[in-house]
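Step one of this worksheet: look at the structure below.
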Amino acid sequence: MLEVARTVEQILRDPEDSLVVLSGCGTSGRLAFLTASCFNRALRDRQQNTVYSYIIAGGDRALLTSQEASEDDPKLGMLTLEKLCEGKRHVLFIGISCGLSAPFVAGQLDFCLKHPDIYTPVLVGFNPVTQAREETMPGYSLTFREVVQRMEEQRGQRAFIINPAVGPEAISGSSRMKGGSATKIILETVLAAAHTAAFTNTHITRSVLLDMMRGYERVYSVTYSHSDQIATLLQTAGLSLQCGGRVCYLSWGSLGLVGLIDASECIPTFGADYEDIRGFISGGYQDVDNIEGDLTSLGSQFCIAHEDFVSLVLPTLSDRDTVLLLYTCHDDVGDVEKMAHRVREKTSNLHSLYHGLQGDTTADIIGLLCSSVLNITWPSSSTVHMQWELSSKLVLNAVSTGSHILKGKIYRNHMVDLQVTNSKLYHRAIHILQLLSGVSLTQCEKALLKSIYNVEQLTEDITTAGVTTHTLIASRRNRVVPLALVCLLIGCSLSEAESRLESHPVVRDAVEACLTSSQHLTSSPGDQTSTNH
Ligand code: F6P
């Protein structure tokens with residue numbers, strides 16, 4: 001981190017023809033965007049030229065929606081990077097892949113290694129190097145692990161790997177939860193230290209980095225010291241989802257991006273509809289400040305301004321829905337209050353998350369309109385806005401994950417209703433099926449394919465098609481993993497599995513009911529079905 005911060009510092013001191021590029025897929029790309037925007041803003045505030053840029057697999061629409069397929073394409077990653085950096089003399093490339101797994105990022109890192117005169121690659125992830133993904137990448141001769149091994153050979157000189165262990169993915173919740181928070185902490189610590197050194201003519205030392213990290217440690221303890229209020233929010237949001245209602249995050253300032261990111265992840269992670277949990281940001285795309293600008297014309301999913309909330313959601317808002325206001329003492333509190341009044345005309349299910357500084361009382365009036373209030377008070381510091389973002393991320397991650405658990409989208413800690421939209425998720429789905437059904441990998445893959453293609457018998461066309469085709473078809477279908485799981489547990493046809501899922505709209509209940517009946521079947525000796533398991 002020290003070396004990388006010093007490289008950024010050099011770029012800040014001599015920015016001509018230089019660039020710091022942050023890149024990733026899904027949430028990792030969204031955090032790349034959030035960080036690049038935040039530090040470009042800091043440069044603009046100092047009347048300096050901006051030096052940061054971001055790449056997200058799938059382009060700007062992936063900032064708000066799930067575009068998982070591009071993650072599989074190392075060449076696309078490489079070409080996008082090359083195009084962005086045309087004419088640059090020096091590029092610090094920071095590739096983020098929490099699982100050390102995204103081919104899109106591997107292609108970019110490999111490209112950097114091949115052009116050391118211009119590019120210095122940095123990999124940020126949370127697996128040991130030996131656990132980087134080994135699977136071959138489409139149209140590419142190297143695996144992620146081989147790319148990382150090449151980086152290892154130059155580690156600390158021409159290539160850097162920042163890969164602290166933050167716990168296994170099952171616990172760290174992949175890039176969406178702990179991995180994403182760790183990404184945010186690492187990137188902000190490195191870049192903030194570089195800014196301080198460059199603009200105050202000081203040196204970056206280990207203790208500068210450590211002090212910042214300790215600041216984030218305090219964010220964790222301060223935020224979770226409010227666990228009772230977080231639990232209340234989670235419960236309320238869970239009730240909304242359980243009864244077919246919606247959860248809306250209405251945010252101001254940079255908390256808006258945190259809300260949009262958290263909401264967008266629910267679609268691939270829990271097979272959620274985009275209306276289930278949805279984020280809105282006060283200034284719309286003007287506040288987002290993304291490269292491709294206003295994306296509203298792409299459809300209702302891309303309508304993210306408060307005006308969109310007022311025209312699309314407010315008219316049908318009821319007590320079934322949960323609305324959460326997210327704001328800080330730096331925001332236009334009068335505007336927050338106005339919005340709070342409008343929401344209250346439709347529902348009393350209004351809540352707030354407010355970050356204030358010691359000594360201020362701003363939130364009091366708005367709090368009176370809300371049925372629950374989470375006010376967090378912070379000591380003043382130059383990086384407090386980043387701490388507010390992390391704190392809000394922790395709260396929203398808990399709310400969205402917890403409410404989906406309450407909705408029954410999780411079975412024994414597995415996200416059984418995930419979307420199967422790229423090769424990593426395809427293999428993860430098979431792994432989950434195997435773990436829960438106990439049958440062979442081949443049988444699980446067959447069941448998954450039947451569910452994806454919606455057929456009772458697999459044809460040769462299907463079995464010979466590649467994973468890319470499978471995931472493309474799967475992206476147009478719902479509940480493919482639960483369907484396959486029910487088929488495997490009961491040994492039944494796809495249509496029977498469909499009707500069982502219909503009779504149990506809660507996925508966890510359906511799986512539990514099937515397990516009970518399959519245990520019942522296995523206990524009757526000689527039963528044909530039981531031998532399938
Ligand atoms: O494609 C699935 C996914 O898990 C996304 O939901 C996630 O944000 C993305 O991959 C990135 O993962 P990683 O940071 O491990 O490359």
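Residue numbering restarts at 1 in every chain; chains get A, B, ... in the order shown in the structure tokens, and ligands count up from 1 in that same order.
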query = What residues in segment 184-288 of chain A get the DSSP label helix (DSSP H, G or I)? Please answer as a PyMOL selection string.
reply = chain A and resi 184-200+206-224+227-242+255-270+285-288
Write as a CSV table (one decimal) with N, CA, C and O atoms, in the first residue's frame the residues around ligand 1, taking 7 Å as the cut-off and counting only C-alpha atoms and all ligand atoms.
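Output below, filename pocket-v9.csv:
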chain,number,residue,atom,x,y,z
A,24,GLY,N,-13.0,-2.8,-12.4
A,24,GLY,CA,-13.5,-4.0,-11.8
A,24,GLY,C,-14.8,-4.4,-12.4
A,24,GLY,O,-15.4,-3.7,-13.3
A,25,CYS,N,-15.4,-5.5,-11.9
A,25,CYS,CA,-16.7,-6.0,-12.5
A,25,CYS,C,-17.7,-6.0,-11.3
A,25,CYS,O,-17.4,-6.2,-10.2
A,26,GLY,N,-19.0,-5.7,-11.7
A,26,GLY,CA,-20.0,-5.7,-10.7
A,26,GLY,C,-19.7,-4.7,-9.6
A,26,GLY,O,-19.2,-3.6,-9.9
A,27,THR,N,-19.9,-5.1,-8.4
A,27,THR,CA,-19.6,-4.2,-7.3
A,27,THR,C,-18.2,-3.6,-7.3
A,27,THR,O,-18.0,-2.5,-6.9
A,28,SER,N,-17.2,-4.5,-7.7
A,28,SER,CA,-15.8,-4.0,-7.7
A,28,SER,C,-15.7,-2.8,-8.7
A,28,SER,O,-15.0,-1.9,-8.4
A,68,GLU,N,-23.5,-9.0,-15.9
A,68,GLU,CA,-22.5,-9.9,-15.5
A,68,GLU,C,-21.7,-10.5,-16.6
A,68,GLU,O,-20.6,-11.0,-16.4
A,71,GLU,N,-18.0,-9.7,-17.6
A,71,GLU,CA,-17.0,-10.1,-16.7
A,71,GLU,C,-16.1,-11.2,-17.2
A,71,GLU,O,-14.9,-11.4,-16.9
A,96,ILE,N,-9.5,-4.5,-9.6
A,96,ILE,CA,-10.1,-5.0,-8.3
A,96,ILE,C,-10.8,-6.3,-8.7
A,96,ILE,O,-11.7,-6.3,-9.5
A,97,SER,N,-10.5,-7.4,-8.0
A,97,SER,CA,-11.3,-8.6,-8.1
A,97,SER,C,-11.2,-9.3,-6.8
A,97,SER,O,-10.2,-10.0,-6.5
A,98,CYS,N,-12.3,-9.1,-6.0
A,98,CYS,CA,-12.3,-9.6,-4.6
A,98,CYS,C,-11.9,-11.1,-4.6
A,98,CYS,O,-11.1,-11.5,-3.7
A,99,GLY,N,-12.4,-11.9,-5.5
A,99,GLY,CA,-12.1,-13.3,-5.5
A,99,GLY,C,-10.9,-13.7,-6.3
A,99,GLY,O,-10.6,-14.9,-6.5
A,100,LEU,N,-10.1,-12.7,-6.8
A,100,LEU,CA,-9.0,-13.0,-7.7
A,100,LEU,C,-9.5,-13.9,-8.9
A,100,LEU,O,-9.0,-14.9,-9.1
A,101,SER,N,-10.6,-13.4,-9.5
A,101,SER,CA,-11.3,-14.3,-10.4
A,101,SER,C,-11.8,-13.7,-11.7
A,101,SER,O,-12.0,-14.5,-12.6
A,102,ALA,N,-12.0,-12.4,-11.8
A,102,ALA,CA,-12.7,-11.9,-13.0
A,102,ALA,C,-11.8,-11.9,-14.2
A,102,ALA,O,-10.8,-11.1,-14.2
A,174,SER,N,-18.5,-12.0,-0.5
A,174,SER,CA,-18.0,-11.6,-1.8
A,174,SER,C,-17.9,-10.0,-1.9
A,174,SER,O,-17.8,-9.3,-0.9
A,175,SER,N,-17.9,-9.5,-3.1
A,175,SER,CA,-17.5,-8.1,-3.2
A,175,SER,C,-18.7,-7.2,-2.7
A,175,SER,O,-18.5,-6.1,-2.4
A,176,ARG,N,-19.8,-7.8,-2.6
A,176,ARG,CA,-21.0,-7.0,-2.2
A,176,ARG,C,-20.8,-6.5,-0.7
A,176,ARG,O,-21.2,-5.4,-0.4
A,265,GLU,N,-27.2,-4.5,-6.4
A,265,GLU,CA,-26.6,-5.8,-6.2
A,265,GLU,C,-27.7,-6.9,-5.9
A,265,GLU,O,-27.4,-8.1,-6.0
A,268,PRO,N,-28.8,-9.6,-9.0
A,268,PRO,CA,-28.1,-10.9,-9.3
A,268,PRO,C,-27.9,-11.8,-8.0
A,268,PRO,O,-27.8,-13.0,-8.1
A,269,THR,N,-27.8,-11.1,-6.9
A,269,THR,CA,-27.4,-11.9,-5.7
A,269,THR,C,-28.6,-12.7,-5.2
A,269,THR,O,-28.5,-13.9,-4.7
A,422,ASN,N,-23.0,-15.5,-15.5
A,422,ASN,CA,-21.6,-15.6,-16.1
A,422,ASN,C,-21.0,-16.9,-15.6
A,422,ASN,O,-21.6,-17.6,-14.9
A,424,LYS,N,-18.5,-17.7,-13.7
A,424,LYS,CA,-18.3,-17.9,-12.2
A,424,LYS,C,-19.6,-18.3,-11.5
A,424,LYS,O,-19.6,-19.2,-10.7
A,425,LEU,N,-20.7,-17.6,-11.9
A,425,LEU,CA,-22.0,-17.9,-11.2
A,425,LEU,C,-22.5,-19.2,-11.7
A,425,LEU,O,-23.2,-19.9,-10.9
**Study point:** Polymer residues at most 7 Å from segment 336-349 of chain A, only C-alpha atoms, same-chain spacing of 3 or more positions, as a ChimeraX atom specification
**Key:** /A:317-319,321-323,332-333,366,369,371
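Residues of segment 289-481 of chain A carrying a DSSP assignment of strand (DSSP E or B), computed from the backbone, are Ala305, Thr322, Val323, Leu324, Leu325, Leu326, Tyr327, Thr328, Leu350, His351, Ser352, Leu353, Tyr354, His355, Gly356, Leu357, Ser372, Val373, Leu374, Asn375, Ile376, Thr377, Trp378, Ile410, Tyr411, His414 and Met415 of chain A.
Taking atom CA of Ser53 of chain A and atom CA of Leu79 of chain A as endpoints, the distance between them is 15.2 Å.
Neighbours of His355 of chain A closer than or equal to 7 Å, with only C-alpha atoms counted and sequence neighbours fewer than 4 positions away skipped, come out as Tyr327, Thr328, Cys329, Asn375, Ile376, Thr377 and Trp388 of chain A.
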Would you save the residues from that selection as a PDB file, in the first residue's frame, using C-alpha atoms?
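So selection36.pdb came out as:
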ATOM      1  CA  TYR A 327     -28.473  12.192   4.467  1.00  0.00           C
ATOM      2  CA  THR A 328     -25.828  14.105   6.362  1.00  0.00           C
ATOM      3  CA  CYS A 329     -25.447  17.512   7.974  1.00  0.00           C
ATOM      4  CA  ASN A 375     -28.572   9.176  14.025  1.00  0.00           C
ATOM      5  CA  ILE A 376     -24.821   8.721  14.079  1.00  0.00           C
ATOM      6  CA  THR A 377     -22.568  11.453  15.379  1.00  0.00           C
ATOM      7  CA  TRP A 388     -20.151   8.273   6.374  1.00  0.00           C
TER       8      TRP A 388
END
Judged by only C-alpha atoms, the minimum distance to Thr80 of chain A among A:Ala57, A:Leu324, A:Val122, A:Ala398 is found for A:Ala57
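The neighbours of Leu326 of chain A here are the residues that come within 8 Å of it, using only C-alpha atoms and leaving out any residue fewer than 5 positions away in the same chain; they are Tyr249, Leu250, Ser251, Trp252, Leu255, Gly256, Ser352, Leu353 and Tyr354 of chain A.
Relative to atom CA of Pro74 of chain A, atom CA of Ser141 of chain A is found at 10.4 Å.
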